[in-house]
There are 2 protein chains.
Amino acid sequence: MQSVERAFKILEALAVAPSGVSDMARRVNLPKSTVARLLATLEATNAVERGPDGLTYRVGSALRGIAASIDGSIGLVEMARPTLARLASLTDEAAGFAVAAGYQVHYLAQADSDRTVQVRDWSGELIPMHLVPSGLAILAQWPAEDIDGYVSRALEGRTPRSITGPDQLLARLADVRKAGHAWGREEFAEGINSVGAAIVDGTGRVLGAIHVHGPSYRFPVAGDDERVAGLVMDAAARLAAAAARLSG
Amino acid sequence: MQSVERAFKILEALAVAPSGVSDMARRVNLPKSTVARLLATLEATNAVERGPDGLTYRVGSALRGIAASIDGSIGLVEMARPTLARLASLTDEAAGFAVAAGYQVHYLAQADSDRTVQVRDWSGELIPMHLVPSGLAILAQWPAEDIDGYVSRALEGRTPRSITGPDQLLARLADVRKAGHAWGREEFAEGINSVGAAIVDGTGRVLGAIHVHGPSYRFPVAGDDERVAGLVMDAAARLAAAAARLSG
DNA sequence: GGGACTGTTCCACGATGTGGAACGTCGGGC
DNA sequence: GCCCGACGTTCCACATCGTGGAACAGTCCC
C-alpha cells in the first residue's frame, strides 16, 4: 500500500533529521503537496509533531509509546499483569484485562485469587459487551452514534438477568458514566459477579478495561462494593497514567 | 489520509497487545482483508513483525529507531555531531554530515577545525550530488535505474574540474563503489578538496553521508589520503552501526 | 523591488485501496 | 472420525481516495 509506505519513508527520514515540507519532499522524492498531506495526517495521528518554529516537522511522541511495547514486558497487557496480580491479592478474587473487539470484549489476561473455589480463566474469550462490566465500561465511553449502532441490533441474553432492551442498556450506560465503573451481577453467567472500569487515555481513547470477578455467593462481600470498585478504578487510572508516561 | 490513519490505528492496538489478523480486524473495526493488507505493508516496512507462531503480529523493531530520535540528542544527525567533532580533530580539517534530497545533497551539520584558515560552513546548503564526495558516495549506492535518471539530465559544472559527462560520472561511481569512499578535488569550488563516505544501513538503505573537507593548498597532505579516507569510512560505519543498534 | 523559496490549498482524474467472497487449513467439540 | 467454525490468504470489480500539478500568498535575501 503506497501511501502507508510513503508515510514510513517520511518517518524514517525524520528520524535522521527534522525537516520542513519542501526539504522533506526533496529528501523522499515526492511531490510537495503529497508530502504536505502525509505530514498533516501523521501530525493528526501524533506520529509527527512540529518543532518550535511551527514549520519543521519531527518524530512525534505517540511513537514512543508504540515503540515501548517492542520489549515484550512493556506493552499495556504486560504492564497490566502486575496490576492484575495486586488487584487479585487486594480483593482475594480474580482480576482480568480486556480490549474491545468489534461489539465484543476480548479477554487477554487474568490473575487468579488463591482461593480454592475460583471462576475459570476467561483469557482468549470474546463476549458481547453489554453482558459484562468491562464491556459496559468501554461502551459507556463510546460516542452516541456508535452506541446507537450497538443497540440497533438484537441484544443477546445469557441469563434471566441479562440486559436485552436498548432503553435498559442506555440507562445503564448513563449510570456507568456517572459512577466511573460498572457492576455486573449474574448477567453473563449464573453465579458470577464482577466490576469493571475502562482504561482511558488523555485524549479519550479507550485502551482497554480492567475488572475483578468472583463467585456470586461471596462476591462482593456485603458493604464492600465501593472499596472494590475504588480499587478497580484506581488500577485503571494508574495503567492509563503509565501508558501516558510512555508516550511522553 | 484514510489508509495511513488505519495503519496507525493498528499500530496503537498492537502496542496494547499482539494480535492475529481476524482479532485485529475486530479490535479496529475493519474488514479482515483490509487489515491483512495493512499488516502486510507494515510488515514489509518492519513497523510490524510476526511472533514466533508466525500468525500473531506485534510492533516491529524499525519503530524503535524512529522513536529513539524523539529525544533530540538521539536522531542520526545529533548522533553524528560528536563523530564530526572527533573527525575534525583527527584530521585537523572540517567534517560534515549530509543527506540526499532529490538530486542534491543537503548539508545538515558541520564541525570545524581549529585552524585559522577555514572553509566556510555549508550547513543548510543544497548541492548537486555529482559535484561533491558526499553526493558521489550516496549516488554510488543507488540502483542503476535511479542513476540512469540522474545522468539523463545535463550535469552542471561549477569549476573546470567538475564532472559534466555521463560516462565520466558512471566510471567515477564504479570507482567509488570499489573504494568505499569518494575524493573530490576542486570539482565543486576552486580551492576546496574533500573526501566522503555513505552511511548505509544493513538493508542497503542510505541514511546520509559523512565527509571531511579543507583548503586544497593543504588538504589532503601528500601521502595522507588513505588515512583520512579510512577515518571517514570508519566514522560512517560506526554511525551505521549505532543506528542499527537503536533499531534493535 | 524582484526573484526564489516556503507552506497551503484546490481540483480533475485515475490509480490505488476497498471490502466482499471464495478457498484451504486447522482445531475443537461431539 | 467427522463436522463446523474459525483462521489467514488471495482475488476481483469498482469507486473512492490519494495523486500531483498549479495557483497563491507570504517571507527572505540580494
# chains A, B, ... in the order shown; residues from 1 in each chain; ligands from 1
>>> interface_residues(of="chain A", to="chain D", cutoff="9 Å", atoms="only C-alpha atoms (C1' of nucleotides)", output="list of chain:residue names")
A:Ser3, A:Pro31, A:Lys32, A:Ser33, A:Thr34
>>> interface_residues(of="chain A", to="chain C", cutoff="8 Å", atoms="only C-alpha atoms (C1' of nucleotides)", output="number ranges by chain")
A: 1-2, 21-22
>>> select_by_dssp(residues="segment 19-248 of chain B", states="helix (DSSP H, G or I)", output="PyMOL selection string")
chain B and resi 21-28+32-44+62-68+76-91+129-131+133-139+144-151+166-179+225-247
>>> closest_residue(among="B:Ser89, B:Gln118, B:Thr83, B:Gln104", to="chain A", atoms="only C-alpha atoms")
B:Gln104
>>> closest_residue(among="B:Gly65, B:Pro52, B:Gly149, B:Gly184", to="chain A", atoms="only C-alpha atoms")
B:Gly65
>>> interface_residues(of="chain A", to="chain B", cutoff="6 Å", atoms="only C-alpha atoms", output="number ranges by chain")
A: 4, 15-17, 26-27, 29, 59, 63-64, 66-67, 69-70, 75-77, 100-102
>>> write_last_selection(atoms="N, CA, C and O atoms", output="CSV table (one decimal), in the first residue's frame")
chain,number,residue,atom,x,y,z
A,4,VAL,N,0.9,4.1,2.8
A,4,VAL,CA,1.5,3.7,4.1
A,4,VAL,C,3.0,3.6,4.0
A,4,VAL,O,3.7,4.1,4.9
A,15,ALA,N,13.6,10.6,11.3
A,15,ALA,CA,14.4,10.1,12.4
A,15,ALA,C,15.9,10.5,12.2
A,15,ALA,O,16.6,10.6,13.2
A,16,VAL,N,16.3,10.8,11.0
A,16,VAL,CA,17.6,11.3,10.7
A,16,VAL,C,17.7,12.7,11.1
A,16,VAL,O,18.6,13.1,11.9
A,17,ALA,N,16.8,13.5,10.7
A,17,ALA,CA,16.9,15.0,11.0
A,17,ALA,C,15.5,15.6,10.7
A,17,ALA,O,14.8,15.2,9.8
A,26,ARG,N,12.0,16.9,-1.2
A,26,ARG,CA,13.2,16.6,-1.9
A,26,ARG,C,13.9,15.3,-1.4
A,26,ARG,O,14.4,14.5,-2.1
A,27,ARG,N,13.9,15.2,-0.1
A,27,ARG,CA,14.6,14.1,0.6
A,27,ARG,C,14.0,12.7,0.3
A,27,ARG,O,14.6,11.7,0.1
A,29,ASN,N,11.8,12.4,-2.4
A,29,ASN,CA,11.4,12.3,-3.8
A,29,ASN,C,10.0,12.2,-4.0
A,29,ASN,O,9.5,11.3,-4.8
A,59,VAL,N,9.8,13.6,14.5
A,59,VAL,CA,9.0,12.5,15.0
A,59,VAL,C,8.2,12.8,16.3
A,59,VAL,O,8.7,13.5,17.1
A,63,LEU,N,4.8,7.8,18.9
A,63,LEU,CA,5.6,6.7,18.5
A,63,LEU,C,6.4,6.1,19.7
A,63,LEU,O,6.8,4.9,19.6
A,64,ARG,N,6.7,7.0,20.7
A,64,ARG,CA,7.4,6.5,21.8
A,64,ARG,C,6.6,5.4,22.5
A,64,ARG,O,7.2,4.3,22.9
A,66,ILE,N,4.3,3.5,21.3
A,66,ILE,CA,4.1,2.3,20.4
A,66,ILE,C,5.5,1.5,20.5
A,66,ILE,O,5.5,0.3,20.6
A,67,ALA,N,6.6,2.2,20.3
A,67,ALA,CA,7.9,1.6,20.3
A,67,ALA,C,8.2,0.9,21.6
A,67,ALA,O,8.9,-0.1,21.7
A,69,SER,N,6.5,-0.8,23.4
A,69,SER,CA,5.9,-2.2,23.5
A,69,SER,C,6.8,-3.3,22.9
A,69,SER,O,6.5,-4.4,23.0
A,70,ILE,N,7.8,-2.8,22.1
A,70,ILE,CA,8.6,-3.8,21.4
A,70,ILE,C,9.3,-4.8,22.4
A,70,ILE,O,9.3,-6.0,22.2
A,75,GLY,N,4.4,-3.7,26.7
A,75,GLY,CA,3.1,-3.4,26.1
A,75,GLY,C,2.0,-3.3,27.2
A,75,GLY,O,2.2,-3.9,28.3
A,76,LEU,N,0.9,-2.7,27.0
A,76,LEU,CA,0.0,-2.4,28.0
A,76,LEU,C,-0.5,-3.7,28.7
A,76,LEU,O,-0.7,-3.8,29.9
A,77,VAL,N,-0.8,-4.8,27.9
A,77,VAL,CA,-1.2,-6.0,28.5
A,77,VAL,C,-0.2,-6.6,29.5
A,77,VAL,O,-0.5,-7.1,30.6
A,100,ALA,N,-11.5,-4.0,23.6
A,100,ALA,CA,-12.7,-4.0,22.7
A,100,ALA,C,-12.3,-4.7,21.4
A,100,ALA,O,-11.3,-4.4,20.8
A,101,ALA,N,-13.2,-5.5,20.9
A,101,ALA,CA,-13.0,-6.2,19.6
A,101,ALA,C,-14.4,-6.2,18.9
A,101,ALA,O,-15.2,-7.1,19.1
A,102,GLY,N,-14.6,-5.1,18.1
A,102,GLY,CA,-16.0,-5.0,17.4
A,102,GLY,C,-17.0,-4.8,18.6
A,102,GLY,O,-16.8,-3.9,19.4
>>> residues_around(residues="Pro215 of chain A", least_positions_apart="4", cutoff="9 Å", atoms="only C-alpha atoms (C1' of nucleotides)", output="list in words")
Glu93, Val117, Gln118, Val119, Gly191, Ile192, Asn193, Ser194, Phe219 and Pro220 of chain A
>>> write_last_selection(atoms="C-alpha atoms", output="tab-separated table (two decimals), in the first residue's frame")
chain	number	residue	atom	x	y	z
A	93	GLU	CA	-10.75	-12.61	43.78
A	117	VAL	CA	-13.22	-22.09	44.61
A	118	GLN	CA	-12.35	-20.00	41.55
A	119	VAL	CA	-14.02	-18.74	38.44
A	191	GLY	CA	-23.09	-17.50	39.70
A	192	ILE	CA	-20.61	-14.83	38.59
A	193	ASN	CA	-20.44	-11.19	39.65
A	194	SER	CA	-17.87	-8.67	38.58
A	219	PHE	CA	-18.51	-11.55	45.82
A	220	PRO	CA	-18.92	-8.78	46.52
>>> residues_around(residues="Ile147 of chain A", least_positions_apart="5", cutoff="10 Å", atoms="only C-alpha atoms (C1' of nucleotides)", output="PyMOL selection string")
chain A and resi 103+139-142+152+166+169-170+173
>>> closest_residue(among="A:Ala36, A:Ala85, A:Ile138, A:Ala179", to="Ala235 of chain A", atoms="only C-alpha atoms")
A:Ala85
